[in-house]
$ cat work.cif   # mmCIF, C-alpha atoms and all ligand atoms; chains and numbers go by the auth columns
data_input
loop_
_atom_site.group_PDB
_atom_site.id
_atom_site.type_symbol
_atom_site.label_atom_id
_atom_site.label_comp_id
_atom_site.label_asym_id
_atom_site.label_seq_id
_atom_site.Cartn_x
_atom_site.Cartn_y
_atom_site.Cartn_z
_atom_site.B_iso_or_equiv
_atom_site.auth_seq_id
_atom_site.auth_asym_id
ATOM 1 C CA MET A 1 0.000 0.000 0.000 0.00 911 A
ATOM 2 C CA LYS A 2 2.674 2.440 1.143 0.00 912 A
ATOM 3 C CA ASP A 3 4.781 1.811 -1.977 0.00 913 A
ATOM 4 C CA ASN A 4 1.883 2.984 -4.139 0.00 914 A
ATOM 5 C CA LEU A 5 1.868 6.270 -2.240 0.00 915 A
ATOM 6 C CA LEU A 6 5.517 7.158 -2.818 0.00 916 A
ATOM 7 C CA LYS A 7 6.371 7.645 -6.464 0.00 917 A
ATOM 8 C CA PHE A 8 9.860 8.469 -7.691 0.00 918 A
ATOM 9 C CA ARG A 9 10.387 10.205 -11.052 0.00 919 A
ATOM 10 C CA HIS A 10 13.925 10.773 -12.229 0.00 920 A
ATOM 11 C CA ASN A 11 14.864 14.300 -13.388 0.00 921 A
ATOM 12 C CA ILE A 12 11.660 16.347 -13.881 0.00 922 A
ATOM 13 C CA PRO A 13 10.923 20.093 -14.131 0.00 923 A
ATOM 14 C CA SER A 14 9.263 20.384 -10.701 0.00 924 A
ATOM 15 C CA THR A 15 7.433 17.971 -8.384 0.00 925 A
ATOM 16 C CA ASN A 16 4.795 20.640 -7.640 0.00 926 A
ATOM 17 C CA LYS A 17 4.171 21.260 -11.336 0.00 927 A
ATOM 18 C CA LEU A 18 3.950 17.585 -12.252 0.00 928 A
ATOM 19 C CA LEU A 19 1.766 16.637 -9.299 0.00 929 A
ATOM 20 C CA SER A 20 -0.551 19.590 -10.028 0.00 930 A
ATOM 21 C CA GLU A 21 -0.964 18.309 -13.587 0.00 931 A
ATOM 22 C CA ILE A 22 -1.626 14.760 -12.394 0.00 932 A
ATOM 23 C CA ALA A 23 -4.195 16.044 -9.860 0.00 933 A
ATOM 24 C CA ARG A 24 -5.948 18.248 -12.439 0.00 934 A
ATOM 25 C CA ASN A 25 -6.151 15.344 -14.880 0.00 935 A
ATOM 26 C CA SER A 26 -7.565 13.050 -12.210 0.00 936 A
ATOM 27 C CA PHE A 27 -10.673 15.247 -12.084 0.00 937 A
ATOM 28 C CA VAL A 28 -11.247 14.963 -15.841 0.00 938 A
ATOM 29 C CA GLY A 29 -11.021 11.203 -16.233 0.00 939 A
ATOM 30 C CA GLY A 30 -7.327 10.618 -15.523 0.00 940 A
ATOM 31 C CA GLU A 31 -5.963 8.205 -12.961 0.00 941 A
ATOM 32 C CA SER A 32 -7.114 9.125 -9.458 0.00 942 A
ATOM 33 C CA VAL A 33 -4.666 10.470 -6.887 0.00 943 A
ATOM 34 C CA PRO A 34 -5.060 9.036 -3.375 0.00 944 A
ATOM 35 C CA PRO A 35 -4.685 11.308 -0.340 0.00 945 A
ATOM 36 C CA PHE A 36 -1.094 11.279 0.973 0.00 946 A
ATOM 37 C CA PHE A 37 0.297 10.469 -2.449 0.00 947 A
ATOM 38 C CA ALA A 38 3.869 11.791 -2.738 0.00 948 A
ATOM 39 C CA LEU A 39 5.880 12.481 -5.859 0.00 949 A
ATOM 40 C CA TYR A 40 9.622 12.848 -5.406 0.00 950 A
ATOM 41 C CA THR A 41 12.651 13.270 -7.591 0.00 951 A
ATOM 42 C CA ASP A 42 16.433 13.495 -7.605 0.00 952 A
ATOM 43 C CA PHE A 43 16.608 16.636 -9.759 0.00 953 A
ATOM 44 C CA GLN A 44 14.336 19.501 -10.796 0.00 954 A
ATOM 45 C CA SER A 45 15.146 21.684 -13.789 0.00 955 A
ATOM 46 C CA GLU A 46 12.467 24.229 -12.778 0.00 956 A
ATOM 47 C CA GLY A 47 12.290 23.868 -8.998 0.00 957 A
ATOM 48 C CA HIS A 48 10.764 27.007 -7.532 0.00 958 A
ATOM 49 C CA GLY A 49 9.149 28.702 -4.568 0.00 959 A
ATOM 50 C CA MET A 50 6.649 31.568 -4.540 0.00 960 A
ATOM 51 C CA GLY A 51 6.847 34.066 -7.397 0.00 961 A
ATOM 52 C CA ASN A 52 10.111 33.815 -9.298 0.00 962 A
ATOM 53 C CA ASN A 53 12.119 32.236 -6.489 0.00 963 A
ATOM 54 C CA LYS A 54 14.242 29.390 -7.837 0.00 964 A
ATOM 55 C CA TRP A 55 14.978 26.351 -5.664 0.00 965 A
ATOM 56 C CA PHE A 56 18.555 25.190 -6.096 0.00 966 A
ATOM 57 C CA SER A 57 19.323 21.545 -5.287 0.00 967 A
ATOM 58 C CA GLU A 58 22.294 19.520 -6.514 0.00 968 A
ATOM 59 C CA LYS A 59 21.380 16.322 -8.299 0.00 969 A
ATOM 60 C CA GLY A 60 20.705 13.355 -6.024 0.00 970 A
ATOM 61 C CA LYS A 61 21.721 15.103 -2.815 0.00 971 A
ATOM 62 C CA ASN A 62 18.481 16.234 -1.228 0.00 972 A
ATOM 63 C CA LEU A 63 14.808 15.513 -0.740 0.00 973 A
ATOM 64 C CA LEU A 64 12.564 17.135 -3.355 0.00 974 A
ATOM 65 C CA VAL A 65 8.963 16.052 -2.862 0.00 975 A
ATOM 66 C CA SER A 66 5.363 17.165 -3.267 0.00 976 A
ATOM 67 C CA PHE A 67 2.492 15.657 -1.277 0.00 977 A
ATOM 68 C CA TYR A 68 -1.180 15.510 -2.235 0.00 978 A
ATOM 69 C CA PHE A 69 -3.641 16.163 0.622 0.00 979 A
ATOM 70 C CA GLU A 70 -7.397 16.603 0.944 0.00 980 A
ATOM 71 C CA PRO A 71 -7.721 18.677 4.116 0.00 981 A
ATOM 72 C CA GLY A 72 -11.498 19.258 3.673 0.00 982 A
ATOM 73 C CA ILE A 73 -11.418 22.601 5.492 0.00 983 A
ATOM 74 C CA PRO A 74 -12.757 26.034 4.535 0.00 984 A
ATOM 75 C CA ALA A 75 -10.403 28.129 2.416 0.00 985 A
ATOM 76 C CA ALA A 76 -10.438 30.771 5.155 0.00 986 A
ATOM 77 C CA GLU A 77 -8.744 28.261 7.478 0.00 987 A
ATOM 78 C CA GLN A 78 -5.933 27.325 5.104 0.00 988 A
ATOM 79 C CA PHE A 79 -3.274 28.534 7.500 0.00 989 A
ATOM 80 C CA VAL A 80 -4.174 25.627 9.804 0.00 990 A
ATOM 81 C CA PHE A 81 -2.906 23.321 7.055 0.00 991 A
ATOM 82 C CA ASN A 82 0.328 25.325 6.821 0.00 992 A
ATOM 83 C CA GLN A 83 0.763 25.056 10.563 0.00 993 A
ATOM 84 C CA TYR A 84 0.294 21.276 10.496 0.00 994 A
ATOM 85 C CA PHE A 85 2.801 20.915 7.671 0.00 995 A
ATOM 86 C CA ALA A 86 5.418 23.188 9.242 0.00 996 A
ATOM 87 C CA VAL A 87 5.049 21.798 12.751 0.00 997 A
ATOM 88 C CA THR A 88 5.177 18.157 11.632 0.00 998 A
ATOM 89 C CA THR A 89 8.179 18.791 9.379 0.00 999 A
ATOM 90 C CA ARG A 90 9.987 20.656 12.136 0.00 1000 A
ATOM 91 C CA ARG A 91 9.372 17.855 14.623 0.00 1001 A
ATOM 92 C CA PHE A 92 10.574 15.221 12.153 0.00 1002 A
ATOM 93 C CA ILE A 93 13.787 17.129 11.443 0.00 1003 A
ATOM 94 C CA SER A 94 14.463 17.795 15.112 0.00 1004 A
ATOM 95 C CA GLN A 95 15.258 14.078 15.536 0.00 1005 A
ATOM 96 C CA PHE A 96 18.465 14.716 13.609 0.00 1006 A
ATOM 97 C CA ALA A 97 19.541 18.261 14.511 0.00 1007 A
ATOM 98 C CA GLY A 98 19.213 20.754 17.348 0.00 1008 A
ATOM 99 C CA SER A 99 17.710 24.290 17.239 0.00 1009 A
ATOM 100 C CA VAL A 100 15.155 23.576 14.503 0.00 1010 A
ATOM 101 C CA SER A 101 12.680 26.417 14.068 0.00 1011 A
ATOM 102 C CA ILE A 102 9.922 27.557 11.733 0.00 1012 A
ATOM 103 C CA LYS A 103 10.630 30.808 9.968 0.00 1013 A
ATOM 104 C CA TRP A 104 7.298 32.413 9.215 0.00 1014 A
ATOM 105 C CA PRO A 105 5.380 31.303 7.373 0.00 1015 A
ATOM 106 C CA ASN A 106 6.794 27.868 6.523 0.00 1016 A
ATOM 107 C CA ASP A 107 10.567 27.699 6.120 0.00 1017 A
ATOM 108 C CA ILE A 108 12.529 25.347 8.323 0.00 1018 A
ATOM 109 C CA TYR A 109 15.643 26.824 9.901 0.00 1019 A
ATOM 110 C CA VAL A 110 18.428 25.055 11.755 0.00 1020 A
ATOM 111 C CA ALA A 111 20.645 27.166 13.984 0.00 1021 A
ATOM 112 C CA GLY A 112 19.445 30.301 12.174 0.00 1022 A
ATOM 113 C CA LYS A 113 20.055 28.958 8.629 0.00 1023 A
ATOM 114 C CA LYS A 114 17.583 27.764 6.019 0.00 1024 A
ATOM 115 C CA LEU A 115 17.371 23.979 5.759 0.00 1025 A
ATOM 116 C CA ALA A 116 14.063 23.617 3.911 0.00 1026 A
ATOM 117 C CA GLY A 117 11.608 25.679 1.909 0.00 1027 A
ATOM 118 C CA ASP A 118 8.107 24.780 0.951 0.00 1028 A
ATOM 119 C CA LEU A 119 5.553 25.742 -1.627 0.00 1029 A
ATOM 120 C CA THR A 120 1.978 24.962 -0.651 0.00 1030 A
ATOM 121 C CA GLU A 121 -0.712 25.372 -3.304 0.00 1031 A
ATOM 122 C CA HIS A 122 -4.409 25.025 -2.473 0.00 1032 A
ATOM 123 C CA THR A 123 -7.066 24.351 -5.120 0.00 1033 A
ATOM 124 C CA LEU A 124 -10.491 25.542 -4.029 0.00 1034 A
ATOM 125 C CA SER A 125 -14.001 24.354 -4.719 0.00 1035 A
ATOM 126 C CA GLY A 126 -16.397 27.117 -3.664 0.00 1036 A
ATOM 127 C CA ASP A 127 -15.314 28.225 -0.222 0.00 1037 A
ATOM 128 C CA HIS A 128 -13.549 24.939 0.641 0.00 1038 A
ATOM 129 C CA ILE A 129 -10.157 23.476 -0.173 0.00 1039 A
ATOM 130 C CA LYS A 130 -10.610 20.726 -2.749 0.00 1040 A
ATOM 131 C CA TYR A 131 -7.016 19.564 -2.504 0.00 1041 A
ATOM 132 C CA THR A 132 -3.603 20.794 -1.503 0.00 1042 A
ATOM 133 C CA ILE A 133 -0.211 20.206 -3.040 0.00 1043 A
ATOM 134 C CA ALA A 134 2.525 20.790 -0.501 0.00 1044 A
ATOM 135 C CA GLY A 135 6.002 20.696 -1.992 0.00 1045 A
ATOM 136 C CA ILE A 136 9.151 20.820 0.065 0.00 1046 A
ATOM 137 C CA GLY A 137 12.866 20.818 -0.588 0.00 1047 A
ATOM 138 C CA ILE A 138 14.926 19.616 2.397 0.00 1048 A
ATOM 139 C CA ASN A 139 18.685 19.969 2.087 0.00 1049 A
ATOM 140 C CA LEU A 140 20.118 16.649 3.228 0.00 1050 A
ATOM 141 C CA ASN A 141 23.613 16.011 1.894 0.00 1051 A
ATOM 142 C CA GLN A 142 24.549 19.136 -0.021 0.00 1052 A
ATOM 143 C CA ASP A 143 27.771 20.759 1.186 0.00 1053 A
ATOM 144 C CA TRP A 144 28.002 23.714 -1.178 0.00 1054 A
ATOM 145 C CA PHE A 145 25.492 26.412 -2.170 0.00 1055 A
ATOM 146 C CA PRO A 146 25.703 29.299 -4.646 0.00 1056 A
ATOM 147 C CA GLU A 147 26.647 32.588 -2.991 0.00 1057 A
ATOM 148 C CA GLU A 148 23.372 34.279 -3.845 0.00 1058 A
ATOM 149 C CA ILE A 149 21.379 31.923 -1.615 0.00 1059 A
ATOM 150 C CA PRO A 150 20.960 33.638 1.764 0.00 1060 A
ATOM 151 C CA HIS A 151 22.058 31.542 4.809 0.00 1061 A
ATOM 152 C CA PRO A 152 21.578 28.009 3.453 0.00 1062 A
ATOM 153 C CA THR A 153 22.426 24.834 5.322 0.00 1063 A
ATOM 154 C CA SER A 154 21.907 21.075 5.069 0.00 1064 A
ATOM 155 C CA LEU A 155 21.607 18.249 7.557 0.00 1065 A
ATOM 156 C CA PHE A 156 25.073 17.090 6.475 0.00 1066 A
ATOM 157 C CA LEU A 157 26.569 20.508 7.241 0.00 1067 A
ATOM 158 C CA GLU A 158 24.853 20.561 10.632 0.00 1068 A
ATOM 159 C CA THR A 159 25.505 16.983 11.735 0.00 1069 A
ATOM 160 C CA GLY A 160 28.323 15.558 9.601 0.00 1070 A
ATOM 161 C CA GLN A 161 26.041 12.647 8.677 0.00 1071 A
ATOM 162 C CA GLN A 162 24.745 11.515 5.294 0.00 1072 A
ATOM 163 C CA PHE A 163 21.021 10.879 4.812 0.00 1073 A
ATOM 164 C CA ASP A 164 19.326 8.543 2.350 0.00 1074 A
ATOM 165 C CA PRO A 165 16.554 10.605 0.680 0.00 1075 A
ATOM 166 C CA HIS A 166 14.335 7.521 0.125 0.00 1076 A
ATOM 167 C CA GLN A 167 14.480 6.348 3.751 0.00 1077 A
ATOM 168 C CA PHE A 168 14.102 9.923 4.982 0.00 1078 A
ATOM 169 C CA LEU A 169 10.945 10.366 2.901 0.00 1079 A
ATOM 170 C CA HIS A 170 9.547 7.014 3.995 0.00 1080 A
ATOM 171 C CA ASP A 171 9.746 7.967 7.689 0.00 1081 A
ATOM 172 C CA TYR A 172 8.713 11.607 7.148 0.00 1082 A
ATOM 173 C CA HIS A 173 5.651 10.450 5.209 0.00 1083 A
ATOM 174 C CA ASP A 174 4.642 8.154 8.115 0.00 1084 A
ATOM 175 C CA LEU A 175 4.654 11.111 10.496 0.00 1085 A
ATOM 176 C CA LEU A 176 2.709 13.356 8.092 0.00 1086 A
ATOM 177 C CA VAL A 177 0.019 10.659 7.751 0.00 1087 A
ATOM 178 C CA ARG A 178 -0.071 9.975 11.487 0.00 1088 A
ATOM 179 C CA ASP A 179 -0.510 13.630 12.474 0.00 1089 A
ATOM 180 C CA PHE A 180 -2.815 14.753 9.671 0.00 1090 A
ATOM 181 C CA ASN A 181 -5.986 14.592 11.784 0.00 1091 A
ATOM 182 C CA ARG A 182 -4.546 17.257 14.101 0.00 1092 A
ATOM 183 C CA ILE A 183 -5.870 19.727 11.493 0.00 1093 A
ATOM 184 C CA THR A 184 -9.378 18.963 12.708 0.00 1094 A
ATOM 185 C CA THR A 185 -8.923 17.549 16.213 0.00 1095 A
ATOM 186 C CA ASP A 186 -5.985 19.385 17.727 0.00 1096 A
ATOM 187 C CA ARG A 187 -5.873 22.947 16.451 0.00 1097 A
ATOM 188 C CA ALA A 188 -5.051 24.688 19.703 0.00 1098 A
ATOM 189 C CA ALA A 189 -2.066 22.380 20.267 0.00 1099 A
ATOM 190 C CA LEU A 190 -0.909 22.870 16.664 0.00 1100 A
ATOM 191 C CA GLN A 191 -0.974 26.626 17.131 0.00 1101 A
ATOM 192 C CA LYS A 192 0.889 26.330 20.433 0.00 1102 A
ATOM 193 C CA GLU A 193 3.586 24.128 18.885 0.00 1103 A
ATOM 194 C CA TYR A 194 3.899 26.493 15.912 0.00 1104 A
ATOM 195 C CA LEU A 195 4.407 29.539 18.140 0.00 1105 A
ATOM 196 C CA ALA A 196 6.751 27.672 20.495 0.00 1106 A
ATOM 197 C CA HIS A 197 9.135 27.098 17.579 0.00 1107 A
ATOM 198 C CA LEU A 198 8.621 30.265 15.584 0.00 1108 A
ATOM 199 C CA TYR A 199 11.957 31.793 14.543 0.00 1109 A
ATOM 200 C CA GLN A 200 12.683 35.083 16.365 0.00 1110 A
ATOM 201 C CA MET A 201 9.478 34.902 18.398 0.00 1111 A
ATOM 202 C CA ASN A 202 9.648 37.494 21.190 0.00 1112 A
ATOM 203 C CA GLU A 203 13.113 38.558 20.021 0.00 1113 A
ATOM 204 C CA VAL A 204 14.082 41.910 18.601 0.00 1114 A
ATOM 205 C CA GLY A 205 14.960 41.530 14.906 0.00 1115 A
ATOM 206 C CA ARG A 206 15.589 43.772 11.931 0.00 1116 A
ATOM 207 C CA TYR A 207 12.912 43.788 9.211 0.00 1117 A
ATOM 208 C CA ILE A 208 11.639 45.781 6.268 0.00 1118 A
ATOM 209 C CA ILE A 209 7.960 46.248 7.062 0.00 1119 A
ATOM 210 C CA THR A 210 5.874 47.726 4.244 0.00 1120 A
ATOM 211 C CA GLY A 211 9.007 49.308 2.796 0.00 1121 A
ATOM 212 C CA LYS A 212 10.483 50.686 6.023 0.00 1122 A
ATOM 213 C CA GLU A 213 13.609 49.197 7.620 0.00 1123 A
ATOM 214 C CA GLN A 214 13.193 48.922 11.377 0.00 1124 A
ATOM 215 C CA TYR A 215 13.638 46.829 14.517 0.00 1125 A
ATOM 216 C CA ALA A 216 10.579 44.937 15.712 0.00 1126 A
ATOM 217 C CA THR A 217 9.605 41.929 17.821 0.00 1127 A
ATOM 218 C CA ILE A 218 7.471 39.051 16.559 0.00 1128 A
ATOM 219 C CA ARG A 219 4.537 38.577 18.937 0.00 1129 A
ATOM 220 C CA GLY A 220 2.391 35.989 17.155 0.00 1130 A
ATOM 221 C CA ILE A 221 0.115 35.355 14.185 0.00 1131 A
ATOM 222 C CA ASP A 222 -3.510 36.291 13.557 0.00 1132 A
ATOM 223 C CA HIS A 223 -6.390 33.996 12.529 0.00 1133 A
ATOM 224 C CA PHE A 224 -5.376 34.210 8.852 0.00 1134 A
ATOM 225 C CA GLY A 225 -1.746 33.359 9.592 0.00 1135 A
ATOM 226 C CA ARG A 226 -0.457 36.904 9.163 0.00 1136 A
ATOM 227 C CA LEU A 227 2.564 37.830 11.254 0.00 1137 A
ATOM 228 C CA GLN A 228 2.069 40.195 14.179 0.00 1138 A
ATOM 229 C CA LEU A 229 4.996 42.323 15.323 0.00 1139 A
ATOM 230 C CA GLU A 230 5.540 45.004 17.912 0.00 1140 A
ATOM 231 C CA THR A 231 7.512 47.977 16.683 0.00 1141 A
ATOM 232 C CA GLU A 232 10.042 49.908 18.779 0.00 1142 A
ATOM 233 C CA ARG A 233 7.298 52.429 19.509 0.00 1143 A
ATOM 234 C CA GLY A 234 5.099 49.697 20.963 0.00 1144 A
ATOM 235 C CA GLN A 235 2.725 49.667 18.016 0.00 1145 A
ATOM 236 C CA LEU A 236 1.298 46.292 16.881 0.00 1146 A
ATOM 237 C CA VAL A 237 1.564 45.740 13.098 0.00 1147 A
ATOM 238 C CA THR A 238 0.189 42.836 11.071 0.00 1148 A
ATOM 239 C CA CYS A 239 1.995 41.677 7.926 0.00 1149 A
ATOM 240 C CA GLY A 240 0.993 39.500 5.003 0.00 1150 A
ATOM 241 C CA PHE A 241 3.581 37.491 3.040 0.00 1151 A
ATOM 242 C CA LYS A 242 4.687 40.284 0.727 0.00 1152 A
ATOM 243 C CA GLU A 243 4.691 42.993 3.374 0.00 1153 A
ATOM 244 C CA ILE A 244 7.752 41.942 5.359 0.00 1154 A
ATOM 245 C CA VAL A 245 11.372 41.079 4.665 0.00 1155 A
ATOM 246 C CA PHE A 246 13.551 39.475 7.336 0.00 1156 A
ATOM 247 C CA LEU A 247 16.997 41.095 7.337 0.00 1157 A
HETATM 248 C C1 LIG B . 11.238 28.527 -1.088 0.00 1201 A
HETATM 249 O O1 LIG B . 11.617 29.285 -1.994 0.00 1201 A
HETATM 250 O O2 LIG B . 11.633 28.663 0.061 0.00 1201 A
HETATM 251 C C2 LIG B . 10.295 27.415 -1.407 0.00 1201 A
HETATM 252 C C3 LIG B . 10.938 26.385 -2.255 0.00 1201 A
HETATM 253 C C4 LIG B . 10.113 25.141 -2.448 0.00 1201 A
HETATM 254 C C5 LIG B . 10.906 24.074 -3.177 0.00 1201 A
HETATM 255 C C6 LIG B . 10.187 22.745 -3.271 0.00 1201 A
HETATM 256 S S1 LIG B . 11.268 21.522 -3.904 0.00 1201 A
HETATM 257 C C7 LIG B . 9.937 20.436 -4.197 0.00 1201 A
HETATM 258 C C8 LIG B . 8.802 21.283 -4.720 0.00 1201 A
HETATM 259 N N1 LIG B . 8.922 21.490 -6.152 0.00 1201 A
HETATM 260 C C9 LIG B . 9.098 22.776 -6.465 0.00 1201 A
HETATM 261 O O3 LIG B . 9.255 23.226 -7.618 0.00 1201 A
HETATM 262 N N2 LIG B . 9.099 23.524 -5.354 0.00 1201 A
HETATM 263 C C10 LIG B . 8.953 22.714 -4.165 0.00 1201 A
#
$ encode --input "work.cif" --output "structure tokens" --more "lines below"
Ligand code: BTN
Amino acid sequence: MKDNLLKFRHNIPSTNKLLSEIARNSFVGGESVPPFFALYTDFQSEGHGMGNNKWFSEKGKNLLVSFYFEPGIPAAEQFVFNQYFAVTTRRFISQFAGSVSIKWPNDIYVAGKKLAGDLTEHTLSGDHIKYTIAGIGINLNQDWFPEEIPHPTSLFLETGQQFDPHQFLHDYHDLLVRDFNRITTDRAALQKEYLAHLYQMNEVGRYIITGKEQYATIRGIDHFGRLQLETERGQLVTCGFKEIVFL
């Protein structure tokens, strides 16, 4: 059963792109996609994040995977899915390394450096989520990154150990399946775990907030998952994804 859920495709443009196509086709007579299906690869020629962000990953070194989920929740609650995904990923990775945090909204940081980035794409039906494709790149064995990538790291760089991407995915997938129902049954605890591991929570940091460079302190997130910060003047500001840059 499990083997049918994990599908490897050698050298593709992007796991998110390909899985999105497969999912779209499944609704117009193509082969159906079961919940928790995962598509992974050893190399992406068009790996990307939000907007024009490229995702750089050396061939065969890291985990590059996209998961198919059916969260069945209102679109307005989509941040609960993001919290589940970030919190579960963080907990899985913390078996191997110390100081693993979630950089808002969904990056995984180890000791203040970026270990993993994710791209979550929801497809809606009316006011509900029909399905979600959550793609993630986790740097496992890479020991070199291009200079233009800000503060990258890998599990190898942090621990000195090599990781088998297939085994890593197998175990990570088990945890994602096991904890999926927390989205409906355990929201308060999810939120608590998310905030407990939020990068720079309650610490003064330097940010560009709606165009202005300033010091501020992260204080939490609102119902829609927007970041709440306290400025040096004690004012509470709320930021969406494009309204803040971490410096
Ligand atoms: C980011 O820029 O931080 C997000 C990057 C997300 C990369 C992953 S790798 C697997 C999946 N396929 C993609 O093209 N993107 C995601």
$ resolve_selection --input "work.cif" --expression "the PyMOL selection byres (((not hetatm)) within 10 of (chain A and resi 1201))" --output "VMD selection string"
chain A and resid 922 to 929 949 to 951 953 to 967 972 to 977 1015 to 1018 1024 to 1030 1043 to 1049
$ resolve_selection --input "work.cif" --expression "the PyMOL selection byres (((chain A and resi 1146) around 12) and not hetatm)" --output "list in words"
Ile1119, Ala1126, Thr1127, Ile1128, Arg1129, Gly1130, Ile1131, Asp1132, Leu1137, Gln1138, Leu1139, Glu1140, Thr1141, Glu1142, Arg1143, Gly1144, Gln1145, Val1147, Thr1148 and Cys1149 of chain A
$ resolve_selection --input "work.cif" --expression "the PyMOL selection byres (((chain A and resi 987-994) around 7) and not hetatm)" --output "mmCIF file with C-alpha atoms, keeping the file's coordinate frame"
data_model
loop_
_atom_site.group_PDB
_atom_site.id
_atom_site.type_symbol
_atom_site.label_atom_id
_atom_site.label_comp_id
_atom_site.auth_asym_id
_atom_site.auth_seq_id
_atom_site.Cartn_x
_atom_site.Cartn_y
_atom_site.Cartn_z
ATOM 1 C CA ILE A 983 -11.418 22.601 5.492
ATOM 2 C CA PRO A 984 -12.757 26.034 4.535
ATOM 3 C CA ALA A 985 -10.403 28.129 2.416
ATOM 4 C CA ALA A 986 -10.438 30.771 5.155
ATOM 5 C CA PHE A 995 2.801 20.915 7.671
ATOM 6 C CA ALA A 996 5.418 23.188 9.242
ATOM 7 C CA VAL A 997 5.049 21.798 12.751
ATOM 8 C CA THR A 998 5.177 18.157 11.632
ATOM 9 C CA ASN A 1016 6.794 27.868 6.523
ATOM 10 C CA ILE A 1093 -5.870 19.727 11.493
ATOM 11 C CA LEU A 1100 -0.909 22.870 16.664
ATOM 12 C CA GLN A 1101 -0.974 26.626 17.131
ATOM 13 C CA TYR A 1104 3.899 26.493 15.912
ATOM 14 C CA PHE A 1134 -5.376 34.210 8.852
ATOM 15 C CA GLY A 1135 -1.746 33.359 9.592
#
$ atom_distance --input "work.cif" --atom1 "atom CA of A:His1038" --atom2 "atom CA of A:Pro981"
9.2 Å
$ axis_aligned_box --input "work.cif" --around "stretch 911-929 of chain A" --padding-each-side "3 Å" --output "JSON"
{"center_x": 7.4, "center_y": 10.6, "center_z": -6.5, "size_x": 20.9, "size_y": 27.3, "size_z": 21.3}
$ atom_distance --input "work.cif" --atom1 "atom CA of A:His1080" --atom2 "atom CA of A:Leu916"
7.9 Å
$ atom_distance --input "work.cif" --atom1 "atom CA of A:Ile1012" --atom2 "atom CA of A:Tyr1109"
5.5 Å
$ closest_residue --input "work.cif" --among "A:Leu1079, A:Leu1034, A:Ala1021, A:Val1087" --to "A:Thr1063" --atoms "all atoms listed in the file"
A:Ala1021
$ closest_residue --input "work.cif" --among "A:Glu1068, A:Phe1078, A:Thr1094, A:Val943" --to "A:Asn914" --atoms "only C-alpha atoms"
A:Val943
$ closest_residue --input "work.cif" --among "A:Met1111, A:Leu1067, A:Glu1103, A:Ala1098" --to "A:Ala1007" --atoms "all atoms listed in the file"
A:Leu1067
$ closest_residue --input "work.cif" --among "A:Pro1056, A:Gln1110, A:Glu941, A:Gly982" --to "A:Asp1037" --atoms "only C-alpha atoms"
A:Gly982
$ closest_residue --input "work.cif" --among "A:Phe1151, A:Phe946, A:Phe979, A:Phe1073" --to "A:Lys1040" --atoms "all atoms listed in the file"
A:Phe979
$ closest_residue --input "work.cif" --among "A:Asn1112, A:Ile1154, A:Leu915, A:Asp1096" --to "A:Gln1124" --atoms "all atoms listed in the file"
A:Ile1154
$ residues_near_point --input "work.cif" --point "(28.8, 23.2, -1.0)" --cutoff "10 Å" --atoms "all atoms listed in the file" --output "PDB file with C-alpha atoms, in the frame of the given file"
ATOM      1  CA  GLU A 968      22.294  19.520  -6.514  1.00  0.00           C
ATOM      2  CA  ASN A1051      23.613  16.011   1.894  1.00  0.00           C
ATOM      3  CA  GLN A1052      24.549  19.136  -0.021  1.00  0.00           C
ATOM      4  CA  ASP A1053      27.771  20.759   1.186  1.00  0.00           C
ATOM      5  CA  TRP A1054      28.002  23.714  -1.178  1.00  0.00           C
ATOM      6  CA  PHE A1055      25.492  26.412  -2.170  1.00  0.00           C
ATOM      7  CA  PRO A1056      25.703  29.299  -4.646  1.00  0.00           C
ATOM      8  CA  GLU A1057      26.647  32.588  -2.991  1.00  0.00           C
ATOM      9  CA  PRO A1062      21.578  28.009   3.453  1.00  0.00           C
ATOM     10  CA  THR A1063      22.426  24.834   5.322  1.00  0.00           C
ATOM     11  CA  SER A1064      21.907  21.075   5.069  1.00  0.00           C
ATOM     12  CA  LEU A1067      26.569  20.508   7.241  1.00  0.00           C
TER      13      LEU A1067
END
